[in-house]
Structure formats: C-alpha cells, structure tokens
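Colleague: A single structure is presented below for examination.
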Protein chains: 2
Amino acid sequence: MGKVRVAGFSLSFDGFGAGPGQSLENPLGLGGRDLHKWFYPTRTFRAMIGEEGGIDDPFAQRSAQGFGAFIIGRNMFGPVRGDWPDESWRGWWGDNPPYHAPTFVLTNHVRAPLVMAGGTTFYFVTTGIDQALKQAQAAAGDLDVKIGGGVATVRQFLRAQAVDEIHLAMSPVLLGRGESLFAGLDLPRLGYRLTEVVPTALATHLVLTR
Amino acid sequence: MGKVRVAGFSLSFDGFGAGPGQSLENPLGLGGRDLHKWFYPTRTFRAMIGEEGGIDDPFAQRSAQGFGAFIIGRNMFGPVRGDWPDESWRGWWGDNPPYHAPTFVLTNHVRAPLVMAGGTTFYFVTTGIDQALKQAQAAAGDLDVKIGGGVATVRQFLRAQAVDEIHLAMSPVLLGRGESLFAGLDLPRLGYRLTEVVPTALATHLVLTR
C-alpha cells in the first residue's frame, strides 16, 4: 500500500492555507492566490495547464507525482453549500480536472459519481474520512493517496493521525485572516516531526513525517 | 526620534514564540530554547556572553544594535507572578544583563527601579504600554526602542500599531503548543507588510514594516 500524503500545500507565514471569503470569483479566498506563487512558474504546473517550459522544482514534482487517488473536501470541489441543487456544478477545473485518478469528495450530501475527461472520476463520500481513506487506498493500489485540501480536510486527517508525510510550502505572504492550518493542532503530540526544511527563492519548504 | 522595533524574535514554523509552561528551569517554556538555535552560534550572541568567534549573521547584528532602551513584559523579566514578595528577583540574566540601557518592565505591581551592572536599569511601569513607550523613547533619544518580548508584549504593541519594524526568525521547529504570535492578529489590516524574506541555513528571516 502507498503512503498517505499532503503535498504542495501552500501556507502564508502566519499559517493560513486559504484566505477568507471563498467564492466563485475567489476559489482560494481573498488573497489566497498569492499563496501559490511559488508553484505557477514551475515546469510541473505549466505541464498541468498544457504549457511547456518553466523552472525545475523538486518539491513541485513531488507534490504532483505518484498519486493513485485523491481526497478533497467539499469546498475544494466547489462553492455550493448544503444539498446539491442539481448536477450542474462539476468542479472548479473544467471538463478535464488535474487529478487524472479517482477523487473522493467529502460531503454530507449524496450525489452520484461524476466521470470527467482525462481519468478523473469524482466520488462523493458521505460516510466520513475513514471510509473515504479506505476507498481511496483501494483505488490507489501501490500508489500514494493525496489529501488535496482544503485546510479543514487536511486538519481532519492530521488529527486522525492518518497522514504519513506533509509537505508545506511556506510562501512569502501574510494573510492576516483565513483558514489557519495550525490553530489548536499540536502536531508534535500527534506524532509529526519536522524532517526537512528547504528554503528556495520562492518558498520555504517544510516536510513533516509521522 | 528612533524607530520602535521588534528584532531577532524567534518563532516556530507553527507560529509559537515560546513553549508552554514557563518556569525557573524553562524560562522560554518547554522546547522554547530550540527556537533560538539560529542565534547561539552567531558572533553577536557569543560576544553577548563574553566569547569570541562565531558566524557572521547580519540579522543577529541588526537584532542587537542601535537600541537606546528596551521594553519587556513581566514574564520576560522573571517567573514571579502577582505582587513582588520582595526585591530578591533581579531578572534571568545575573548581575550584568544583556541590555546595557534603560529597560522598562510592564507590570501591574509597583516596584522601585533596579540598577544593575553594565548600564542596565530596570524601571517597572504600571501605567500601560503608551506610557512605557513614551518613557523608553525619551530615554533612547535618537536611538531605537526595542520591544524585547515576550509574545504577549509584542502582540500588545503590534495591535496598538506602535511598531515600525518587526524582524521574525522562523526557526526549523514545530512546538505544537505555547504562545502564538499570530493567533487572532490581522497584521496586514494593522498596516504591517512583509518587506524582506531571507532564508539562511538556520532560519528564515522575515521583516515586516509599517
């Protein structure tokens, strides 16, 4: 069985993984786009959007490779809250989402699986994170499962001590408000240790392992 | 008049400026000493303790030079809480504290000034941070005033928008618990901007200015 990883997860230096006020216009909340500035110029990101070139960045590569399934929270799938009014919302990413693998969406609201182009199928899991993880691991086989986000989802899995490795990209930004990753979360007590610290020109990369 | 600065203030990557459980044995709280590992090998620190050698570090130098007065919280002065039982506690630092200038201690409990060796006099200010700052600025003249810490004191001055420059040394440590600098503090809204990010082998240095 592969590992369970959080990877390429961007944080401001004051600890926010998303800005406040997520909306259709601001999927990452106010100021949230700035958290990912380290990622946009990388070869990895440019390949994801069908472009060539860009700078090599081993952390960007690690954050995108080796995953056989994804788990994301409902807010990371879209801005719809409560019951699904219809099936029209199909994610933020257009017809061909960047997952290219089974992707399990945590939600309290039942919805049929959604098959997208490029190998992504969204499965809507209403039975909690343990079940989502079991299904994702079964789907991933020997590959890793990525806990994609957002902050609330990552915190749930960290608290459950279900993550083997977390790569955080601390970005040169202060947000002041938003979704805090660390608030009330005692990572050392949960068994996570800081095992790599690698500053680059665009971010300070931290790896925590358990 | 000089600037008001926080400088050489060490934080864990999860945002704590001190560990939990400050005591006589752990002046910086549990795990708090690790926050300052970047500082101990520097020439600046070694000179402070009367040793030669060490590595050059411009941020360590900036954090120690140019100050004509200091303001510190009562817990940074010592572990005594409530009324002063007597005058026997004279700070954590022995007879010759590292300030070498007038040092204003915020407290609710009146105490006479305490003249130490090496130019440090501790003045105990019971009339709030505005008064402490006025007295410190008068004492400092053209030199800067340093808000020395701890976390609660720094937060008070940041919230009062009374700090011109803050240098934080993000240390490769996770504490999990302790005194959080950022919690509930919207620094961008208070007018602070991230103006420098300089990673070194031992810490990632951030400078915020207002």
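Going by the structure tokens order, chains are called A, B, ..., each with residues numbered from 1, while ligands are numbered from 1 in the order shown.
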Find the residues of chain A in contact range of chain B, meaning any atom within 8 Å when counting only C-alpha atoms, and list them as a VMD selection string.
Modeller: chain A and resid 13 to 15 172 to 177 182 to 189 193 to 194 197 199 to 200 204
Colleague: Restrict the selected residues to N, CA and C atoms and save them as a PDB file, in the first residue's frame.
Modeller:
ATOM      1  N   PHE A  13       3.054  32.795   5.894  1.00  0.00           N
ATOM      2  CA  PHE A  13       3.922  32.683   7.077  1.00  0.00           C
ATOM      3  C   PHE A  13       3.130  32.840   8.367  1.00  0.00           C
ATOM      4  N   ASP A  14       1.956  33.455   8.301  1.00  0.00           N
ATOM      5  CA  ASP A  14       1.131  33.474   9.510  1.00  0.00           C
ATOM      6  C   ASP A  14       0.163  32.291   9.577  1.00  0.00           C
ATOM      7  N   GLY A  15       0.395  31.275   8.739  1.00  0.00           N
ATOM      8  CA  GLY A  15      -0.248  29.979   8.959  1.00  0.00           C
ATOM      9  C   GLY A  15      -1.568  29.720   8.280  1.00  0.00           C
ATOM     10  N   PRO A 172       5.987  33.609   0.904  1.00  0.00           N
ATOM     11  CA  PRO A 172       6.313  34.921   1.461  1.00  0.00           C
ATOM     12  C   PRO A 172       5.131  35.877   1.430  1.00  0.00           C
ATOM     13  N   VAL A 173       4.137  35.556   2.219  1.00  0.00           N
ATOM     14  CA  VAL A 173       2.879  36.289   2.244  1.00  0.00           C
ATOM     15  C   VAL A 173       2.377  36.290   3.689  1.00  0.00           C
ATOM     16  N   LEU A 174       1.741  37.380   4.089  1.00  0.00           N
ATOM     17  CA  LEU A 174       0.947  37.406   5.320  1.00  0.00           C
ATOM     18  C   LEU A 174      -0.501  37.608   4.914  1.00  0.00           C
ATOM     19  N   LEU A 175      -1.387  36.757   5.376  1.00  0.00           N
ATOM     20  CA  LEU A 175      -2.797  36.928   5.018  1.00  0.00           C
ATOM     21  C   LEU A 175      -3.600  37.627   6.118  1.00  0.00           C
ATOM     22  N   GLY A 176      -3.248  37.392   7.362  1.00  0.00           N
ATOM     23  CA  GLY A 176      -3.956  38.082   8.451  1.00  0.00           C
ATOM     24  C   GLY A 176      -5.240  37.408   8.867  1.00  0.00           C
ATOM     25  N   ARG A 177      -5.982  36.892   7.883  1.00  0.00           N
ATOM     26  CA  ARG A 177      -7.240  36.198   8.152  1.00  0.00           C
ATOM     27  C   ARG A 177      -7.348  35.039   7.179  1.00  0.00           C
ATOM     28  N   PHE A 182      -2.613  25.542  11.619  1.00  0.00           N
ATOM     29  CA  PHE A 182      -2.024  25.094  12.876  1.00  0.00           C
ATOM     30  C   PHE A 182      -2.909  25.324  14.105  1.00  0.00           C
ATOM     31  N   ALA A 183      -3.870  26.261  14.019  1.00  0.00           N
ATOM     32  CA  ALA A 183      -4.602  26.679  15.224  1.00  0.00           C
ATOM     33  C   ALA A 183      -5.168  25.477  15.985  1.00  0.00           C
ATOM     34  N   GLY A 184      -4.750  25.319  17.212  1.00  0.00           N
ATOM     35  CA  GLY A 184      -5.274  24.251  18.061  1.00  0.00           C
ATOM     36  C   GLY A 184      -4.802  22.856  17.690  1.00  0.00           C
ATOM     37  N   LEU A 185      -3.850  22.755  16.785  1.00  0.00           N
ATOM     38  CA  LEU A 185      -3.381  21.448  16.317  1.00  0.00           C
ATOM     39  C   LEU A 185      -1.958  21.229  16.839  1.00  0.00           C
ATOM     40  N   ASP A 186      -1.783  20.298  17.754  1.00  0.00           N
ATOM     41  CA  ASP A 186      -0.465  20.040  18.338  1.00  0.00           C
ATOM     42  C   ASP A 186       0.208  18.925  17.535  1.00  0.00           C
ATOM     43  N   LEU A 187       0.890  19.326  16.464  1.00  0.00           N
ATOM     44  CA  LEU A 187       1.447  18.337  15.537  1.00  0.00           C
ATOM     45  C   LEU A 187       2.505  17.447  16.188  1.00  0.00           C
ATOM     46  N   PRO A 188       3.433  17.974  17.002  1.00  0.00           N
ATOM     47  CA  PRO A 188       4.378  17.052  17.663  1.00  0.00           C
ATOM     48  C   PRO A 188       3.656  15.999  18.509  1.00  0.00           C
ATOM     49  N   ARG A 189       2.640  16.435  19.241  1.00  0.00           N
ATOM     50  CA  ARG A 189       1.914  15.478  20.078  1.00  0.00           C
ATOM     51  C   ARG A 189       1.197  14.421  19.230  1.00  0.00           C
ATOM     52  N   ARG A 193       6.891  14.997  12.949  1.00  0.00           N
ATOM     53  CA  ARG A 193       8.209  15.602  13.178  1.00  0.00           C
ATOM     54  C   ARG A 193       8.655  16.344  11.933  1.00  0.00           C
ATOM     55  N   LEU A 194       9.340  17.446  12.136  1.00  0.00           N
ATOM     56  CA  LEU A 194       9.890  18.225  11.025  1.00  0.00           C
ATOM     57  C   LEU A 194      11.148  17.512  10.537  1.00  0.00           C
ATOM     58  N   VAL A 197      13.749  20.953   5.897  1.00  0.00           N
ATOM     59  CA  VAL A 197      13.471  22.381   5.730  1.00  0.00           C
ATOM     60  C   VAL A 197      14.348  22.848   4.574  1.00  0.00           C
ATOM     61  N   PRO A 199      14.760  26.031   2.059  1.00  0.00           N
ATOM     62  CA  PRO A 199      14.366  27.330   1.505  1.00  0.00           C
ATOM     63  C   PRO A 199      14.739  27.438   0.044  1.00  0.00           C
ATOM     64  N   THR A 200      13.841  27.946  -0.757  1.00  0.00           N
ATOM     65  CA  THR A 200      14.154  28.277  -2.149  1.00  0.00           C
ATOM     66  C   THR A 200      13.854  29.758  -2.343  1.00  0.00           C
ATOM     67  N   THR A 204       9.676  28.592   1.482  1.00  0.00           N
ATOM     68  CA  THR A 204      10.436  27.721   2.380  1.00  0.00           C
ATOM     69  C   THR A 204       9.635  26.427   2.521  1.00  0.00           C
TER      70      THR A 204
END
Colleague: Go through chain A and collect every residue that DSSP, computed from the backbone, puts in alpha helix (DSSP H); the answer should be as a ChimeraX atom specification.
Modeller: /A:43-48,58-64,74-77,129-140,151-159
Colleague: With a distance cut-off of 10 Å and only C-alpha atoms, select the neighbouring residues of Gln61 (chain B), excluding the residue or stretch itself and same-chain residues fewer than 2 positions from it, and output the selection as a ChimeraX atom specification.
Modeller: /B:7-8,42-45,56-59,63-66
Colleague: Under the rule that only C-alpha atoms are counted, which of B:Ala60, B:Val6, B:Leu106, B:Glu51 is the nearest residue to Phe77 (chain B)?
Modeller: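 For Phe77 (chain B), the nearest of the given residues is B:Leu106.
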Colleague: Would you mind listing, for every residue of region 45-130 of chain A within 10 Å of region 154-168 of chain A, the two atoms forming the shortest contact and the distance between them in Å to one decimal, using only C-alpha atoms, sorted by chain and ascending residue number, as a tab-separated table?
Modeller:
residue	atom	partner	partner_atom	distance
A:Phe59	CA	A:His167	CA	8.2
A:Arg62	CA	A:His167	CA	9.1
A:Ser63	CA	A:His167	CA	7.8
A:Ile71	CA	A:Val154	CA	9.5
A:Ile72	CA	A:Val154	CA	8.6
A:Gly73	CA	A:Val154	CA	8.6
A:Ile129	CA	A:Phe157	CA	7.4
A:Asp130	CA	A:Ala162	CA	8.9
